[in-house]
Structure formats: structure tokens, C-alpha cells
>>> print(open('start32.cif').read())   # mmCIF, C-alpha atoms
data_run
loop_
_atom_site.label_atom_id
_atom_site.label_comp_id
_atom_site.auth_asym_id
_atom_site.auth_seq_id
_atom_site.Cartn_x
_atom_site.Cartn_y
_atom_site.Cartn_z
CA MET A 946 0.00 0.00 0.00
CA PRO A 947 1.64 3.26 -1.06
CA ARG A 948 1.78 5.96 1.60
CA SER A 949 2.56 9.61 1.12
CA MET A 950 5.64 11.08 2.75
CA GLY A 951 3.40 13.20 4.97
CA HIS A 952 1.49 10.17 6.20
CA THR A 953 4.75 8.35 6.85
CA ILE A 954 6.05 11.24 8.96
CA ALA A 955 2.66 11.53 10.68
CA ASP A 956 2.89 7.85 11.69
CA SER A 957 6.05 8.63 13.64
CA LEU A 958 4.48 11.72 15.18
CA SER A 959 1.42 9.71 16.25
CA LEU A 960 3.65 7.27 18.10
CA SER A 961 5.59 10.13 19.71
CA LEU A 962 2.39 11.86 20.86
CA GLY A 963 1.00 8.66 22.30
CA TYR A 964 4.16 8.18 24.34
CA ALA A 965 4.15 11.84 25.42
CA GLU A 966 0.59 11.38 26.74
CA LYS A 967 1.45 8.19 28.62
CA LEU A 968 4.45 9.77 30.30
CA LEU A 969 2.22 12.38 31.95
CA LYS A 970 0.33 9.68 33.89
CA ASP A 971 0.49 10.38 37.62
CA VAL A 972 2.72 13.45 37.21
CA SER A 973 1.37 16.20 39.45
CA ALA A 974 1.45 19.87 38.55
CA ASP A 975 3.73 20.62 41.50
CA GLN A 976 6.28 17.99 40.31
CA PHE A 977 6.26 19.10 36.67
CA GLY A 978 8.93 21.80 36.98
CA ARG A 979 11.02 20.15 39.66
CA PHE A 980 14.20 18.12 39.55
CA ALA A 981 13.76 14.62 40.88
CA ALA A 982 15.45 14.05 44.23
CA PRO A 983 15.73 10.33 44.92
CA GLY A 984 17.11 9.81 48.42
CA GLY A 985 16.87 13.56 48.98
CA GLN A 986 19.59 14.37 46.43
CA ALA A 987 18.35 16.61 43.58
CA ILE A 988 19.42 15.32 40.16
CA GLU A 989 20.05 18.00 37.54
CA SER A 990 18.17 16.34 34.69
CA ASN A 991 15.52 17.75 32.37
CA HIS A 992 12.11 17.66 34.01
CA GLY A 993 8.67 17.52 32.41
CA ALA A 994 8.12 21.27 32.20
CA PHE A 995 11.38 21.80 30.37
CA VAL A 996 10.99 18.89 27.95
CA TYR A 997 7.38 19.55 26.92
CA GLY A 998 8.06 23.28 26.79
CA HIS A 999 11.18 22.85 24.67
CA LEU A 1000 9.48 20.49 22.25
CA SER A 1001 6.44 22.76 21.98
CA LEU A 1002 8.61 25.32 20.16
CA TYR A 1003 8.98 23.04 17.13
CA ALA A 1004 5.35 22.44 16.12
CA PRO A 1005 4.79 26.09 15.10
CA ARG A 1006 7.98 25.96 13.04
CA ILE A 1007 6.77 22.80 11.32
CA LEU A 1008 3.41 24.39 10.55
CA GLU A 1009 5.06 27.48 9.09
CA ALA A 1010 7.35 25.35 6.90
CA LEU A 1011 4.29 23.51 5.59
CA GLY A 1012 2.55 26.80 4.78
CA LYS A 1013 -0.02 26.55 7.56
CA ASP A 1014 -1.10 29.04 10.19
CA ALA A 1015 0.98 28.55 13.30
CA PRO A 1016 0.21 29.67 16.83
CA ALA A 1017 2.41 32.42 18.18
CA ILE A 1018 5.03 31.10 20.58
CA PRO A 1019 4.62 32.80 23.95
CA GLU A 1020 7.67 34.91 24.89
CA VAL A 1021 8.08 33.04 28.16
CA PHE A 1022 8.37 29.79 26.17
CA GLU A 1023 11.12 31.17 23.93
CA ALA A 1024 13.04 32.49 26.93
CA ASN A 1025 12.77 29.35 29.06
CA PHE A 1026 12.75 26.53 26.52
CA SER A 1027 15.00 27.45 23.60
CA LYS A 1028 17.80 25.11 22.57
CA ASP A 1029 20.16 27.40 24.50
CA ALA A 1030 18.09 27.54 27.71
CA LYS A 1031 19.12 25.59 30.78
CA CYS A 1032 16.66 23.47 32.72
CA VAL A 1033 16.40 24.66 36.32
CA ASP A 1034 14.62 23.39 39.41
CA ASP A 1035 11.49 25.55 39.76
CA VAL A 1036 11.22 25.23 43.55
CA ASP A 1037 8.65 28.00 43.99
CA GLY A 1038 6.73 27.42 40.73
CA THR A 1039 7.55 30.90 39.44
CA ILE A 1040 9.97 30.24 36.58
CA TYR A 1041 7.98 28.12 34.13
CA PRO A 1042 4.38 28.35 32.95
CA ASP A 1043 2.11 25.85 34.67
CA MET A 1044 1.73 22.26 33.53
CA GLU A 1045 -1.61 22.82 31.82
CA ALA A 1046 -0.34 25.78 29.78
CA ILE A 1047 2.74 23.88 28.63
CA THR A 1048 1.04 20.60 27.77
CA THR A 1049 -1.91 22.34 26.07
CA PHE A 1050 0.46 24.30 23.81
CA PHE A 1051 2.54 21.17 23.15
CA PHE A 1052 -0.35 18.88 22.18
CA ALA A 1053 -2.33 21.50 20.23
CA GLY A 1054 0.71 22.36 18.12
CA TYR A 1055 1.64 18.78 17.32
CA ARG A 1056 -1.94 17.73 16.59
CA ALA A 1057 -2.14 20.58 14.07
CA ALA A 1058 1.22 19.44 12.62
CA LEU A 1059 -0.13 15.89 12.33
CA GLU A 1060 -3.01 17.12 10.18
CA ALA A 1061 -0.67 19.33 8.13
CA PHE A 1062 1.65 16.40 7.41
CA GLN A 1063 -1.25 14.24 6.26
CA ALA A 1064 -2.57 16.98 3.96
CA ALA A 1065 0.77 18.02 2.43
CA ASP A 1066 1.82 17.07 -1.06
CA ASP A 1067 4.96 14.94 -1.32
CA SER A 1068 6.70 17.67 -3.30
CA VAL A 1069 6.77 19.86 -0.16
CA PHE A 1070 8.97 17.33 1.59
CA GLN A 1071 11.51 17.24 -1.24
CA GLN A 1072 12.26 20.96 -0.94
CA PRO A 1073 15.66 21.92 0.46
CA ASN A 1074 15.93 22.48 4.20
CA PRO A 1075 16.13 26.30 4.52
CA ILE A 1076 17.69 26.38 8.01
CA GLY A 1077 21.26 26.12 6.80
CA GLY A 1078 24.40 25.08 8.60
CA ARG A 1079 24.71 21.77 10.39
CA MET A 1080 20.95 21.11 10.35
CA THR A 1081 20.92 21.26 6.55
CA GLU A 1082 24.00 19.06 6.35
CA LEU A 1083 22.29 16.45 8.52
CA PHE A 1084 18.80 16.88 7.07
CA PRO A 1085 19.00 18.21 3.49
CA THR A 1086 15.24 18.26 2.80
CA ILE A 1087 12.20 19.57 4.63
CA GLY A 1088 10.98 15.99 4.85
CA SER A 1089 14.12 14.65 6.48
CA MET A 1090 14.23 17.57 8.91
CA HIS A 1091 10.60 17.18 9.97
CA ASN A 1092 10.93 13.43 10.21
CA PHE A 1093 13.71 14.04 12.76
CA TYR A 1094 11.79 16.77 14.60
CA VAL A 1095 8.72 14.60 15.24
CA GLY A 1096 10.46 11.26 15.62
CA GLY A 1097 14.01 11.26 16.91
CA HIS A 1098 13.95 14.69 18.56
CA VAL A 1099 10.69 14.07 20.40
CA MET A 1100 11.70 10.57 21.46
CA ILE A 1101 15.16 11.67 22.68
CA HIS A 1102 13.47 14.08 25.04
CA MET A 1103 10.69 11.68 26.02
CA GLY A 1104 13.45 9.32 27.15
CA GLN A 1105 14.53 12.09 29.52
CA VAL A 1106 10.98 12.29 30.86
CA SER A 1107 10.91 8.52 31.31
CA ALA A 1108 14.12 8.61 33.39
CA TRP A 1109 12.86 11.63 35.37
CA ARG A 1110 9.61 9.78 36.16
CA ARG A 1111 11.55 6.83 37.52
CA MET A 1112 13.69 9.10 39.68
CA LEU A 1113 10.45 10.56 41.03
CA GLY A 1114 9.32 7.04 41.91
CA LEU A 1115 6.48 7.03 39.37
CA GLY A 1116 7.78 4.04 37.42
CA ALA A 1117 7.17 3.21 33.80
CA ALA A 1118 4.24 4.87 32.09
#
>>> encode(input="start32.cif", output="C-alpha cells")
Amino acid sequence: MPRSMGHTIADSLSLSLGYAEKLLKDVSADQFGRFAAPGGQAIESNHGAFVYGHLSLYAPRILEALGKDAPAIPEVFEANFSKDAKCVDDVDGTIYPDMEAITTFFFAGYRAALEAFQAADDSVFQQPNPIGGRMTELFPTIGSMHNFYVGGHVMIHMGQVSAWRRMLGLGAA
């Protein structure tokens, strides 16, 4: 059965979104922006707020590249979740947006991207990657770049959430 490039990429995104949903099971809002501290020792490892917030920056970029309307990225997201930002322990809950705001933006963006992938013509994915530099060397087409963004990139960071959950004592999702 032939499948379009967009549907093939969407298959990977569907799997990634399903895993992202499962990993939120039993995570409380007050834990979301905190480092895990097994045995009372805080571990400096990306927590849920940082991972979902960081990844949420990519769905609008995907939508724009596919010629679709993209939600504006809130300034606080750019400041706290860019590729250059550092994950910090939000002890007082004042650094990061709350769990609902982050996860709502994350899932809404990627669900819109899922539909955009499925609707896009294959020719869109053969266009050169316009980012330039190392990203274009690694991923020379829009298709290869977006395949990484919604597959490998999401799953790399979901692995961080999985480890963080276990350090919190929540176990496997």
C-alpha cells in the first residue's frame, strides 16, 4: 500500500504523541517543573516542564514550513525553553508556565502538525531544508528535517521524561 511522505512522517508523530501522553500519567502539577530528588539528592536532569516546553517550540515551526497558520510562541516559552536555555529546578513554581499551559500548547501544536503532514503534497517534503548550517548538512530536505523533529527529537526528550519519572518514583508509564 503506497503511503505519502506526509502520512509516513505523521505515523512517527502519532507514536511520539501517544508516548508523550502516557508519560504524563500520575505526574502532578507541583512535580512538573522540579528536579527529581531520589534519596533527597536533587538530580540535575531535564524535568517535564522543560521537555514539553522545549518540544512545543517546534510544532509552530513545522506548521510554518508547511505553509499553515501557526500559533504564536509565547515569549516566556522562547526564553525558558530554547535550545540554548538551561533546565532549572522551579522550587517556587515561578519560573515556568504551569503544567496545563505547557502541555496544552505542546499537544495542540503537534496535533495541528499531524493534520498538516497528512494533507501536504509529497513535493513539499523534497524541498531543500532552509535552516542552513549543520541542520541542513544532517537533514537536506524539509521531509528529512521534519521526520527528525517529530520522531528522533521528540523521542530523545521523552526518554529524559521517562528517566525523570523513575527518579520521582512514578515508574514506567
>>> residues_around(input="start32.cif", residues="region 1049-1058 of chain A", least_positions_apart="5", cutoff="7 Å", atoms="all atoms listed in the file", output="MDAnalysis selection string")
chainID A and resid 997:998 1001 1004:1005 1007:1008
>>> residues_around(input="start32.cif", residues="region 980-995 of chain A", least_positions_apart="3", cutoff="10 Å", atoms="all atoms listed in the file", output="PyMOL selection string")
chain A and resi 968-969+972+974+976-977+998-1001+1022+1025-1027+1030-1036+1041-1048+1102-1103+1105-1114
>>> residues_around(input="start32.cif", residues="Asn1092 (chain A)", least_positions_apart="6", cutoff="9 Å", atoms="all atoms listed in the file", output="ChimeraX atom specification")
/A:953-955,957-958,1098
>>> atom_distance(input="start32.cif", atom1="CA of Met950 (chain A)", atom2="CA of Lys1028 (chain A)")
27.2 Å
>>> closest_residue(input="start32.cif", among="A:Asp975, A:Leu1011, A:Tyr1003, A:Lys970", to="Gln1063 (chain A)", atoms="all atoms listed in the file")
A:Leu1011
>>> atom_distance(input="start32.cif", atom1="CA of Phe1084 (chain A)", atom2="CA of Lys1013 (chain A)")
21.2 Å
>>> atom_distance(input="start32.cif", atom1="CA of Leu962 (chain A)", atom2="CA of Leu1083 (chain A)")
23.9 Å
>>> closest_residue(input="start32.cif", among="A:Glu1009, A:Glu1023, A:Glu966, A:Asp1037", to="Ala1061 (chain A)", atoms="only C-alpha atoms")
A:Glu1009
>>> closest_residue(input="start32.cif", among="A:Arg1006, A:Asp971, A:Gly1078, A:Tyr964", to="Leu1115 (chain A)", atoms="only C-alpha atoms")
A:Asp971
>>> closest_residue(input="start32.cif", among="A:Ala1117, A:Ile1040, A:Gly1096, A:Ile1087", to="Ser1068 (chain A)", atoms="all atoms listed in the file")
A:Ile1087
